[in-house]
Every structure is written in C-alpha cells, then in structure tokens.
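Engineer: I am sharing my_file_8.cif, which consists of mmCIF, C-alpha atoms and all ligand atoms:
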```
data_final
#
loop_
_atom_site.label_atom_id
_atom_site.label_comp_id
_atom_site.auth_asym_id
_atom_site.auth_seq_id
_atom_site.Cartn_x
_atom_site.Cartn_y
_atom_site.Cartn_z
CA MET V 1 304.65 -74.08 156.76
CA LYS V 2 306.38 -75.64 153.79
CA HIS V 3 308.05 -73.07 151.54
CA ILE V 4 308.33 -74.30 147.98
CA ILE V 5 309.93 -72.93 144.81
CA PRO V 6 308.20 -74.67 141.83
CA ALA V 7 311.50 -75.04 139.94
CA GLU V 8 312.91 -77.10 142.83
CA ILE V 9 310.25 -79.84 142.79
CA THR V 10 308.99 -82.15 140.05
CA VAL V 11 306.23 -81.10 137.65
CA PRO V 12 303.76 -83.72 139.01
CA GLU V 13 304.43 -82.33 142.50
CA VAL V 14 303.70 -78.79 141.28
CA GLN V 15 300.52 -80.06 139.62
CA ARG V 16 299.41 -81.81 142.82
CA LEU V 17 300.04 -78.66 144.90
CA LEU V 18 298.01 -76.51 142.51
CA GLN V 19 295.17 -79.01 142.38
CA GLY V 20 295.09 -79.31 146.17
CA GLY V 21 295.19 -75.61 146.97
CA ILE V 22 293.06 -74.28 144.15
CA GLY V 23 289.62 -75.74 144.54
CA PRO V 24 286.90 -76.74 144.50
CA ARG V 25 287.25 -76.16 140.77
CA PRO V 26 284.20 -75.93 138.51
CA ILE V 27 284.14 -78.49 135.72
CA ALA V 28 283.59 -77.54 132.09
CA LEU V 29 282.28 -80.42 130.02
CA VAL V 30 283.54 -79.35 126.59
CA SER V 31 282.16 -80.61 123.32
CA THR V 32 284.14 -79.96 120.12
CA ILE V 33 284.11 -81.40 116.63
CA SER V 34 286.93 -82.64 114.38
CA LYS V 35 287.56 -81.75 110.73
CA GLU V 36 285.89 -85.06 109.81
CA GLY V 37 282.80 -84.09 111.81
CA LYS V 38 283.48 -86.46 114.75
CA ASN V 39 282.26 -85.43 118.21
CA ASN V 40 284.72 -85.02 121.07
CA LEU V 41 283.68 -84.60 124.70
CA THR V 42 286.05 -83.89 127.63
CA PRO V 43 285.93 -82.44 131.15
CA PHE V 44 288.28 -79.60 132.17
CA SER V 45 288.55 -78.25 135.69
CA PHE V 46 291.13 -75.59 134.88
CA TYR V 47 288.14 -73.43 134.06
CA ASN V 48 286.30 -70.28 135.03
CA VAL V 49 284.34 -67.16 134.00
CA PHE V 50 286.15 -63.86 133.44
CA GLY V 51 283.52 -61.31 132.45
CA ALA V 52 279.89 -60.89 131.48
CA ASN V 53 280.02 -58.11 128.89
CA PRO V 54 280.84 -59.84 126.62
CA PRO V 55 280.41 -63.19 128.43
CA VAL V 56 283.95 -64.61 128.49
CA ILE V 57 284.96 -67.99 129.88
CA ALA V 58 288.25 -69.90 129.64
CA PHE V 59 289.53 -73.42 130.23
CA SER V 60 292.82 -75.16 129.67
CA PRO V 61 293.20 -78.23 127.48
CA SER V 62 296.83 -78.53 128.61
CA ARG V 63 299.49 -80.71 127.02
CA ARG V 64 299.39 -84.35 128.09
CA GLY V 65 301.48 -84.94 131.22
CA ARG V 66 302.73 -88.22 129.81
CA ASP V 67 304.42 -86.98 126.61
CA GLY V 68 303.63 -83.30 126.13
CA SER V 69 301.33 -84.04 123.19
CA LEU V 70 298.29 -81.89 122.39
CA LYS V 71 294.81 -83.01 123.42
CA ASP V 72 291.99 -83.61 120.95
CA THR V 73 290.00 -80.66 122.32
CA TYR V 74 292.93 -78.33 121.61
CA LEU V 75 293.33 -79.66 118.05
CA ASN V 76 289.62 -79.30 117.29
CA LEU V 77 289.47 -75.79 118.72
CA MET V 78 292.49 -74.67 116.70
CA ASP V 79 290.79 -76.10 113.65
CA ASN V 80 287.31 -74.58 113.87
CA LYS V 81 287.24 -72.32 116.99
CA GLU V 82 283.89 -73.59 118.25
CA CYS V 83 282.78 -75.51 121.34
CA VAL V 84 279.88 -76.08 123.70
CA VAL V 85 280.67 -75.86 127.40
CA GLN V 86 278.26 -77.44 129.87
CA ALA V 87 277.96 -77.52 133.63
CA VAL V 88 278.57 -80.88 135.34
CA THR V 89 275.95 -82.00 137.84
CA TYR V 90 276.09 -84.73 140.47
CA SER V 91 273.86 -87.12 138.50
CA MET V 92 276.31 -87.18 135.55
CA ILE V 93 279.74 -87.15 137.23
CA GLU V 94 280.64 -90.82 136.63
CA GLN V 95 279.77 -90.54 132.93
CA VAL V 96 281.77 -87.31 132.73
CA SER V 97 284.75 -89.03 134.34
CA LEU V 98 284.42 -91.81 131.76
CA ALA V 99 284.51 -89.17 129.01
CA SER V 100 287.94 -88.08 130.30
CA THR V 101 289.50 -91.37 129.18
CA GLU V 102 292.38 -90.80 126.73
CA TYR V 103 290.71 -92.42 123.70
CA GLU V 104 292.44 -92.15 120.31
CA TYR V 105 291.78 -89.06 118.21
CA GLY V 106 288.42 -89.30 116.46
CA ILE V 107 286.76 -91.54 119.07
CA ASP V 108 283.37 -90.08 120.05
CA GLU V 109 283.20 -89.74 123.86
CA PHE V 110 279.43 -89.20 123.64
CA VAL V 111 279.29 -92.84 122.56
CA LYS V 112 281.86 -93.95 125.17
CA SER V 113 280.23 -92.11 128.07
CA GLY V 114 276.63 -92.76 127.08
CA LEU V 115 275.82 -89.03 127.23
CA THR V 116 273.37 -87.80 124.60
CA PRO V 117 274.40 -85.40 121.78
CA ILE V 118 271.86 -82.85 120.61
CA GLU V 119 272.27 -80.26 117.83
CA SER V 120 273.36 -76.73 118.73
CA ASP V 121 271.83 -73.60 117.21
CA MET V 122 274.87 -71.44 116.46
CA VAL V 123 277.90 -73.78 116.42
CA LYS V 124 278.70 -77.19 114.97
CA PRO V 125 279.75 -79.07 118.16
CA ARG V 126 276.82 -80.82 119.82
CA ARG V 127 275.34 -80.08 123.22
CA VAL V 128 275.05 -82.61 126.07
CA LYS V 129 271.36 -83.22 126.70
CA GLU V 130 271.88 -84.40 130.29
CA SER V 131 273.43 -81.09 131.40
CA PRO V 132 270.85 -78.48 132.50
CA PHE V 133 273.25 -75.60 131.67
CA GLN V 134 274.86 -75.42 128.22
CA MET V 135 276.78 -72.61 126.51
CA GLU V 136 277.44 -72.43 122.77
CA CYS V 137 280.82 -70.71 122.41
CA ARG V 138 283.17 -69.20 119.87
CA MET V 139 286.88 -69.25 120.70
CA LEU V 140 288.38 -65.74 120.84
CA GLU V 141 291.97 -66.71 121.51
CA MET V 142 294.21 -69.63 122.50
CA ARG V 143 297.11 -68.63 124.76
CA SER V 144 299.87 -71.20 125.30
CA PHE V 145 302.53 -71.22 128.02
CA GLY V 146 305.30 -73.77 127.53
CA ASN V 147 305.39 -76.86 125.33
CA SER V 148 306.09 -79.77 127.66
CA GLY V 149 303.87 -82.09 129.69
CA THR V 150 301.05 -80.25 131.58
CA SER V 151 301.90 -76.87 129.95
CA ALA V 152 298.84 -74.62 129.74
CA ASN V 153 296.82 -73.86 126.60
CA ILE V 154 294.15 -71.42 127.66
CA ALA V 155 291.12 -71.39 125.39
CA ILE V 156 289.39 -68.04 125.86
CA CYS V 157 285.83 -68.22 124.57
CA GLU V 158 282.80 -65.99 124.18
CA VAL V 159 279.39 -67.42 125.01
CA MET V 160 277.09 -66.97 122.01
CA LYS V 161 274.01 -68.69 123.44
CA PHE V 162 272.91 -70.15 126.79
CA HIS V 163 270.52 -73.08 127.17
CA VAL V 164 269.29 -73.35 130.76
CA GLU V 165 266.72 -75.71 132.28
CA GLU V 166 263.81 -73.56 133.44
CA ASP V 167 263.26 -75.26 136.79
CA LEU V 168 266.77 -74.33 138.01
CA PHE V 169 265.48 -70.87 138.92
CA VAL V 170 264.06 -69.90 142.31
CA ASP V 171 262.84 -66.27 142.43
CA GLY V 172 264.94 -65.51 139.36
CA VAL V 173 268.14 -66.94 140.89
CA LEU V 174 269.81 -70.00 139.44
CA HIS V 175 269.65 -71.91 142.72
CA PRO V 176 272.57 -74.15 143.80
CA ASN V 177 270.26 -76.81 145.23
CA LYS V 178 268.47 -77.05 141.90
CA ILE V 179 271.53 -77.26 139.65
CA ASP V 180 273.46 -79.56 142.04
CA LEU V 181 276.94 -78.82 140.66
CA VAL V 182 280.02 -80.95 141.23
CA ALA V 183 283.58 -79.62 141.51
CA ARG V 184 287.04 -81.11 141.30
CA MET V 185 289.55 -81.10 144.15
CA SER V 186 292.89 -82.86 144.67
CA ALA V 187 293.63 -86.47 143.59
CA ASN V 188 290.32 -88.34 143.12
CA PHE V 189 288.35 -86.00 145.39
CA TYR V 190 285.29 -84.16 144.18
CA CYS V 191 282.71 -82.16 146.06
CA ARG V 192 279.03 -81.66 145.63
CA ALA V 193 277.64 -78.13 146.04
CA PHE V 194 274.33 -79.06 147.59
CA GLY V 195 272.27 -79.10 150.81
CA GLU V 196 274.21 -78.36 153.99
CA ASN V 197 277.26 -77.34 151.96
CA ILE V 198 275.39 -74.31 150.64
CA PHE V 199 275.24 -71.16 152.76
CA GLU V 200 274.82 -67.44 152.20
CA VAL V 201 277.21 -64.59 152.92
CA GLU V 202 275.68 -61.13 152.72
CA LYS V 203 277.46 -58.94 150.15
CA PRO V 204 279.35 -56.00 151.65
CA ILE V 205 279.40 -54.28 148.23
CA ALA V 206 276.20 -52.27 148.66
CA LYS V 207 277.30 -50.80 151.98
CA LYS V 208 280.43 -49.99 153.93
CA GLY V 209 280.77 -52.13 157.07
CA ILE V 210 282.43 -50.68 160.19
CA GLY V 211 285.22 -53.29 159.89
CA TYR V 212 286.81 -55.67 162.36
CA ASP V 213 288.91 -52.93 163.95
CA GLN V 214 285.79 -51.06 165.16
CA ILE V 215 284.34 -54.04 167.06
CA PRO V 216 284.56 -53.44 170.84
CA GLU V 217 287.32 -55.42 172.56
CA PHE V 218 284.92 -57.28 174.90
CA ILE V 219 283.24 -58.78 171.83
CA LYS V 220 286.54 -59.63 170.09
CA ASN V 221 287.82 -61.25 173.30
CA SER V 222 284.74 -63.41 173.87
CA TYR V 223 285.36 -67.12 173.32
CA VAL V 224 281.72 -67.57 172.22
CA TYR V 225 282.12 -65.82 168.87
CA SER V 226 283.98 -67.46 165.99
CA ALA V 227 286.17 -65.60 163.49
CA ASN V 228 283.28 -65.79 161.00
CA ASN V 229 280.93 -64.28 163.61
CA LEU V 230 283.33 -61.34 164.08
CA GLY V 231 283.61 -60.87 160.29
CA LYS V 232 279.84 -60.67 160.12
CA PHE V 233 279.66 -58.23 163.06
CA GLY V 234 282.12 -56.03 161.15
CA ASN V 235 279.76 -55.90 158.17
CA ILE V 236 277.26 -53.49 159.79
CA GLU V 237 277.25 -49.84 158.70
CA SER V 238 276.91 -48.34 162.19
CA LEU V 239 276.52 -49.67 165.73
CA PRO V 240 273.07 -49.46 167.34
CA SER V 241 272.89 -46.58 169.84
CA ASP V 242 272.65 -47.18 173.62
CA ASN V 243 269.01 -46.09 173.43
CA ALA V 244 268.26 -48.52 170.61
CA VAL V 245 269.76 -51.34 172.71
CA THR V 246 267.74 -50.31 175.79
CA ASP V 247 264.50 -50.03 173.77
CA TYR V 248 264.97 -53.44 172.18
CA ILE V 249 265.70 -55.07 175.55
CA LYS V 250 262.57 -53.50 177.07
CA GLU V 251 260.49 -54.60 174.10
CA VAL V 252 261.58 -58.25 174.48
CA LYS V 253 261.18 -58.19 178.28
CA ASP V 254 257.61 -56.84 177.97
CA LEU V 255 256.64 -59.10 175.08
CA ILE V 256 253.43 -60.94 175.94
CA VAL V 257 253.49 -64.51 174.67
CA ASN V 258 251.37 -67.47 175.77
CA ASP V 259 253.77 -70.30 175.01
CA PHE V 260 256.79 -68.85 176.83
CA GLU V 261 258.31 -70.97 179.63
CA LEU V 262 260.72 -69.52 182.19
CA SER V 263 263.16 -72.40 182.73
CA LEU V 264 266.71 -73.31 181.73
CA PRO V 265 265.63 -76.49 179.84
CA ALA V 266 263.18 -74.31 177.87
CA PHE V 267 266.05 -71.86 177.16
CA TYR V 268 268.11 -74.69 175.63
CA ARG V 269 265.10 -75.81 173.61
CA TYR V 270 264.67 -72.25 172.29
CA GLY V 271 268.36 -72.39 171.37
CA ARG V 272 267.87 -75.56 169.36
CA ASP V 273 264.90 -73.89 167.62
CA LYS V 274 267.09 -70.80 166.99
CA ASN V 275 264.44 -68.70 168.77
CA PHE V 276 266.80 -66.00 170.05
CA THR V 277 263.90 -63.73 171.15
CA TYR V 278 262.64 -66.28 173.70
CA MET V 279 266.22 -67.06 174.75
CA LEU V 280 266.76 -63.37 175.45
CA LYS V 281 263.42 -63.06 177.24
CA PHE V 282 264.41 -65.90 179.56
CA LEU V 283 267.77 -64.27 180.33
CA LEU V 284 266.05 -60.94 181.06
CA LEU V 285 263.45 -62.44 183.39
CA ASP V 286 265.53 -65.04 185.19
CA THR V 287 266.92 -63.92 188.54
CA GLU V 288 268.90 -66.97 189.56
CA LEU V 289 271.69 -67.25 187.01
CA ASP V 290 275.17 -66.18 187.98
CA SER V 291 276.14 -63.03 186.10
CA ASN V 292 279.16 -64.53 184.29
CA TYR V 293 277.07 -67.44 183.07
CA LYS V 294 274.27 -65.05 182.05
CA LYS V 295 276.78 -63.01 180.01
CA GLN V 296 277.94 -66.15 178.23
CA LEU V 297 274.34 -67.19 177.48
CA LEU V 298 273.58 -63.69 176.19
CA GLU V 299 276.54 -63.99 173.84
CA GLU V 300 275.31 -67.38 172.68
CA THR V 301 271.92 -65.78 172.04
CA ALA V 302 273.57 -62.98 170.01
CA LYS V 303 275.48 -65.61 168.07
CA ILE V 304 272.24 -67.37 167.11
CA ALA V 305 270.68 -64.06 166.00
CA LEU V 306 273.80 -63.38 163.94
CA GLU V 307 273.81 -66.82 162.36
CA THR V 308 270.15 -66.39 161.38
CA ASN V 309 271.17 -63.18 159.57
CA LYS V 310 269.59 -60.81 162.12
CA THR V 311 272.79 -58.79 162.39
CA GLU V 312 271.27 -55.59 163.82
CA THR V 313 269.47 -57.57 166.56
CA ALA V 314 272.61 -59.62 167.22
CA TRP V 315 274.53 -56.40 167.79
CA LYS V 316 271.91 -55.17 170.29
CA ILE V 317 272.12 -58.42 172.25
CA ALA V 318 275.94 -58.48 172.07
CA LEU V 319 276.17 -54.87 173.30
CA TYR V 320 273.67 -55.61 176.06
CA ALA V 321 275.80 -58.60 177.10
CA GLY V 322 278.64 -56.11 177.57
CA ARG V 323 276.56 -54.32 180.21
CA GLU V 324 276.44 -57.53 182.27
CA LYS V 325 279.08 -57.31 184.97
C1 LIG G 401 287.02 -83.84 136.26
C2 LIG G 401 288.19 -83.77 135.32
C3 LIG G 401 288.81 -82.57 135.08
C4 LIG G 401 289.88 -82.47 134.19
N1 LIG G 401 290.45 -81.27 133.97
C5 LIG G 401 291.42 -81.13 133.04
C6 LIG G 401 291.94 -79.84 132.70
O1 LIG G 401 291.55 -78.81 133.26
N2 LIG G 401 292.89 -79.78 131.74
C7 LIG G 401 293.32 -80.88 131.07
O2 LIG G 401 294.15 -80.75 130.18
N3 LIG G 401 292.84 -82.11 131.37
C8 LIG G 401 291.89 -82.26 132.32
N4 LIG G 401 291.37 -83.49 132.60
C9 LIG G 401 291.85 -84.64 131.84
C10 LIG G 401 291.23 -84.67 130.45
O3 LIG G 401 289.84 -84.79 130.57
C11 LIG G 401 291.80 -85.85 129.67
O4 LIG G 401 293.16 -85.62 129.44
C12 LIG G 401 291.07 -86.11 128.35
O5 LIG G 401 291.35 -87.38 127.91
C13 LIG G 401 291.45 -85.16 127.25
O6 LIG G 401 290.59 -85.43 126.18
P1 LIG G 401 290.80 -84.96 124.69
O7 LIG G 401 292.16 -85.46 124.25
O8 LIG G 401 289.67 -85.62 123.99
O9 LIG G 401 290.71 -83.45 124.65
C14 LIG G 401 290.34 -83.62 133.52
C15 LIG G 401 289.74 -84.86 133.80
C16 LIG G 401 288.68 -84.93 134.69
C17 LIG G 401 288.03 -86.24 134.98
#
```
With the file now loaded, output its structure as structure tokens.
Structural biologist:
Amino acid sequence: MKHIIPAEITVPEVQRLLQGGIGPRPIALVSTISKEGKNNLTPFSFYNVFGANPPVIAFSPSRRGRDGSLKDTYLNLMDNKECVVQAVTYSMIEQVSLASTEYEYGIDEFVKSGLTPIESDMVKPRRVKESPFQMECRMLEMRSFGNSGTSANIAICEVMKFHVEEDLFVDGVLHPNKIDLVARMSANFYCRAFGENIFEVEKPIAKKGIGYDQIPEFIKNSYVYSANNLGKFGNIESLPSDNAVTDYIKEVKDLIVNDFELSLPAFYRYGRDKNFTYMLKFLLLDTELDSNYKKQLLEETAKIALETNKTETAWKIALYAGREK
C-alpha cells in the first residue's frame, strides 16, 4: 500500500488520486444563464444526489486548476441561483466533452457543442433536448472550501421539476439499459453503464441476513465459491432445515423429465444453460463419479443456482454437498 498525506504531495496529484479512487462518477450536464441572458453549458462529475424529500442534488464548479479563477457556471449561479441539470448518456458524451472546453465568459456552449436548447418551465436556463433526463433546479446554497486552484464550490440545489423520457421505464423502474448512462473515471477514462456491466444485488434492507459468520466452515473453505458468492449466501434469513434439504433432493431425483440425459457431457451442457436442476439430477443419479469430484460439481451447481438468484435452492444444494464424504 502507498500511504499518502495530501499536504505532502502536489495538488494535481491529490486531484488524480481522488479522481482515480472515487468513481465511476455520474456526470451532471449543467445549463445556466448569464445576466445578459447567454446560455452556458458544462459537465461536472463532482456530483451526486443527497436526498429525495426535498429532492436535493449537488455538484462542484470548482476553481480553475490553472489560475484559481471562478468558472462561468459558478458566476451564473451566484447571480441568479437557477440551473438545469441533465443526465449524460452514451450517445451524447463527445458533444458533452466538447461543451467542457474553457470558452470565454458569455460563449454559448449549446452552439459550440451542437446540443439543442429548449425552454424550461420553471427556470430561465434552457434544457438540453438530447438528454432523456432533465431537472429544473433552484440553488439552495453555495458552499466554498478554499480559494486556490481546484478548490471546491459546492452548489446545493433543489429539483423543482423533472422531465423524463417515457420509454426509459420498464415496469415502473427507470431501467439502466434504457437510459444508457456514462460516468467519469480517472484521466480520460469513462465507463458506460449498459449491457453486461449491469447486474442486480438483492437488497438486504427488507430482511436480516444470517451474515458471513454464520456460514458453515466447509462452505467458506470451498475454493468453488467466490467472496461475492459467500456474501450472497450470508444474505438469507435462516438456513434450510435438514428435512427441507432432504425433501428437495428427493424431489429433484424423482423428477420425471423426457429430455434429461444422464452423461457428463450433458451435465456440462446443463451448466452452460444454467440449468442447475438437471445438473443436480445428474449428480444424484450418477454412480460412477468419485466422491470428491462429485462434491466439487455439487458446489458448482449450487454456485449456478446462487448466481441465478435462487438463493434458497443454492443453500439446499450447498448443504447437501456437505453431506458428500
Ligand atoms: C466529464 C467532465 C466532468 C467534469 N467535471 C468537473 C467538475 O466536477 N468540476 C469542475 O469544476 N470541472 C469539471 N470539468 C471541467 C469543466 O467542465 C470545465 O472546466 C468547463 O470549461 C467549465 O465551464 P464553465 O466555465 O462554463 O463553467 C469536467 C469536464 C468533463 C469533460
């Protein structure tokens, strides 16, 4: 490990550390307006949400690293306390990056980036048509820390009105694959929150999981399960009873299915198809596998059940694997 005191390294080094370790950061595309009525549009990745009642968000138009001067967004916000904050999607990221160019005060980055301004309902700054998620905001407070290059100015804002593209919702949830957000990382790296990068983690809030410490040692010591698998095992409220394990095993063994094939190649195929029931059925009916190998394959079967969010079933298979000598 490196052990670093911020005061002992340069400010750009501190900035690079923060940007590398705190990410991926959401990007706020912020539209403000000058006293003269000129549009200003800028991305900020020092940005997040802090509450929903009232809806409070904040971002930091910090002082310029170069000379400690104040950015146009800051000046406009101090002047009229209004902005529109929009989500940045993959299809607009190059134009958004272009909008981050340090143009002189009063230059309209809508014009420079080619993004389209549309009128807002409750505030003067314009919205960005291309963004499917726009928030009209009123600034509650500006908090400043320091007055040199890269010092923070945190604009704390209340959302007065949302504008959201209707087809972003799937079953009432604003779906990541529909909105296709982009986030900022270190240096010139960005990441796209889409496709294989999206996964679900079941919330432990509604229930109280048994915890890692209550997982039997033979499961914790298995090399088949990953740390994430063990975390998920720990998120069950109570372990299935011995009887529940025995009943489930009997049920799968007795299951009558036409397309089932009792062979090791078929077992691997079931694995690729994530069909843990057929995998288990094979392991219960096969008489030739060595017991150590069978235990390992049972654990791999439990792992597949777990990774397809069948946690209760995964536990039954994992506990049954423990019976294998
Ligand atoms: C993706 C992205 C994220 C950025 N995040 C920030 C930020 O959080 N704070 C900041 O002060 N500058 C940030 N910048 C740089 C500003 O966008 C840049 O300084 C801009 O020219 C400021 O514009 P303004 O003077 O019109 O407000 C970011 C740039 C990009 C491309």
Engineer: Could you list, as number ranges by chain, every residue within 9 Å of V:Leu140, counting all atoms listed in the file and ignoring same-chain residues fewer than 2 positions away?
Structural biologist: V: 56, 81, 138, 142, 155-158
Engineer: Rank V:Ile179, V:Met160, V:Ala87, V:Ala227 by their smallest atom-to-atom distance to ligand LIG 401 (chain G), using all atoms listed in the file, and report the top residue only.
Structural biologist: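 Of V:Ile179, V:Met160, V:Ala87, V:Ala227, the one nearest ligand LIG 401 (chain G), counting all atoms listed in the file, is V:Ala87.
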Engineer: Let me make sure I understand: among V:Ser91, V:Asn40, V:Ser45, V:Ser97, which one has the smallest atom-to-atom distance to V:Lys71 if we use all atoms listed in the file?
Structural biologist: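 Distance minimum relative to V:Lys71 lands on V:Asn40.
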Engineer: Can you work out which residues are within 7 Å of ligand LIG 401 (chain G), considering all atoms listed in the file, and then hand them over as a short mmCIF file (atom, residue, chain, number, x, y, z; two decimals) with C-alpha atoms, in the frame of the given file?
Structural biologist:
```
data_model
loop_
_atom_site.label_atom_id
_atom_site.label_comp_id
_atom_site.auth_asym_id
_atom_site.auth_seq_id
_atom_site.Cartn_x
_atom_site.Cartn_y
_atom_site.Cartn_z
CA ILE V 27 284.14 -78.49 135.72
CA ASN V 40 284.72 -85.02 121.07
CA LEU V 41 283.68 -84.60 124.70
CA THR V 42 286.05 -83.89 127.63
CA PRO V 43 285.93 -82.44 131.15
CA PHE V 44 288.28 -79.60 132.17
CA SER V 45 288.55 -78.25 135.69
CA PHE V 46 291.13 -75.59 134.88
CA TYR V 47 288.14 -73.43 134.06
CA PHE V 59 289.53 -73.42 130.23
CA SER V 60 292.82 -75.16 129.67
CA PRO V 61 293.20 -78.23 127.48
CA SER V 62 296.83 -78.53 128.61
CA ARG V 63 299.49 -80.71 127.02
CA ARG V 64 299.39 -84.35 128.09
CA LYS V 71 294.81 -83.01 123.42
CA ASP V 72 291.99 -83.61 120.95
CA THR V 73 290.00 -80.66 122.32
CA TYR V 74 292.93 -78.33 121.61
CA VAL V 96 281.77 -87.31 132.73
CA SER V 97 284.75 -89.03 134.34
CA SER V 100 287.94 -88.08 130.30
CA THR V 101 289.50 -91.37 129.18
CA GLU V 102 292.38 -90.80 126.73
CA TYR V 103 290.71 -92.42 123.70
CA ARG V 184 287.04 -81.11 141.30
#
```
Engineer: Report the distance between atom CA of V:Ile57 and atom CA of V:Phe169 in Å, rounded to one decimal place.
Structural biologist: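 Separation between atom CA of V:Ile57 and atom CA of V:Phe169: 21.7 Å.
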Engineer: Taking 6 positions as the minimum chain separation for residues in the same chain, which residues sit within 12 Å of V:Ile5 when counting only C-alpha atoms? Answer as a VMD selection string.
Structural biologist: chain V and resid 11 13 to 14 17
Engineer: Looking at V:Ile210, V:Ser148, V:Pro176, V:Ile107, which one is nearest to V:Gly195, with distances taken over all atoms listed in the file?
Structural biologist: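 Nearest to V:Gly195: V:Pro176.
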Engineer: Applying 8 Å and all atoms listed in the file, which residues near V:Thr311 remain after dropping the ones on its own chain fewer than 2 positions away? List them as a PDB file with C-alpha atoms, keeping the file's coordinate frame.
Structural biologist:
```pdb
ATOM      1  CA  LYS V 232     279.840 -60.670 160.120  1.00  0.00           C
ATOM      2  CA  PHE V 233     279.660 -58.230 163.060  1.00  0.00           C
ATOM      3  CA  ILE V 236     277.260 -53.490 159.790  1.00  0.00           C
ATOM      4  CA  ALA V 305     270.680 -64.060 166.000  1.00  0.00           C
ATOM      5  CA  LEU V 306     273.800 -63.380 163.940  1.00  0.00           C
ATOM      6  CA  ASN V 309     271.170 -63.180 159.570  1.00  0.00           C
ATOM      7  CA  THR V 313     269.470 -57.570 166.560  1.00  0.00           C
ATOM      8  CA  ALA V 314     272.610 -59.620 167.220  1.00  0.00           C
ATOM      9  CA  TRP V 315     274.530 -56.400 167.790  1.00  0.00           C
TER      10      TRP V 315
END
```
Engineer: Looking at V:Gln134, V:Ser291, V:Glu8, V:Tyr105, which one is nearest to V:Glu36, with distances taken over only C-alpha atoms?
Structural biologist: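 Using only C-alpha atoms, V:Glu36 sits closest to V:Tyr105.
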Engineer: Counting only C-alpha atoms, figure out which residue out of V:Glu300, V:Glu130, V:Asp67, V:Asp121 gets nearest to V:Gln86.
Structural biologist: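 Comparing V:Glu300, V:Glu130, V:Asp67, V:Asp121 against V:Gln86, the winner is V:Glu130.
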Engineer: Mind pulling up the distance from atom CA of V:Thr89 to atom CA of V:Ala183?
Structural biologist: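 That distance, rounded to one decimal, is 8.8 Å.
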Engineer: Excluding stretch 317-321 of chain V and any residue of its chain fewer than 6 positions from it, enumerate the residues within 7 Å of it, using all atoms listed in the file, and give them as a compact mmCIF listing (two decimals) with C-alpha atoms, keeping the file's coordinate frame.
Structural biologist:
```txt
# COMPACT_ATOMS: atom_id res chain seq x y z
CA VAL V 245 269.76 -51.34 172.71
CA LYS V 295 276.78 -63.01 180.01
CA LEU V 298 273.58 -63.69 176.19
CA GLU V 299 276.54 -63.99 173.84
CA ALA V 302 273.57 -62.98 170.01
```
Engineer: Counting all atoms listed in the file, which residue out of V:Met135, V:Leu285, V:Leu98, V:Ile198 sits closest to V:His175?
Structural biologist: V:Ile198
Engineer: What separation in Å, quoted to one decimal, exists between atom CA of V:Phe276 and atom CA of V:Lys207?
Structural biologist: 25.8 Å
Engineer: Show which residues sit within 9 Å of V:Gly209, as a ChimeraX atom specification. Count all atoms listed in the file, and ignore same-chain residues fewer than 3 positions away.
Structural biologist: /V:204,212,233-238
Engineer: Show me the residues close to (283.9, -71.9, 119.1) - anything with an atom within 7 Å, counting all atoms listed in the file - and format the list as a list in words.
Structural biologist: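 Nearby residues: Leu77, Asn80, Lys81, Glu82, Cys83, Val123, Cys137, Arg138, Met139 and Cys157 of chain V.
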Engineer: How big is the axis-aligned box, and where does its centre sit, when it encloses all atoms of stretch 25-30 of chain V listed in the file and has 5 Å added on every side, reported in Å to one decimal as JSON?
Structural biologist:
```
{"center_x": 284.8, "center_y": -78.2, "center_z": 133.7, "size_x": 15.0, "size_y": 14.5, "size_z": 24.2}
```
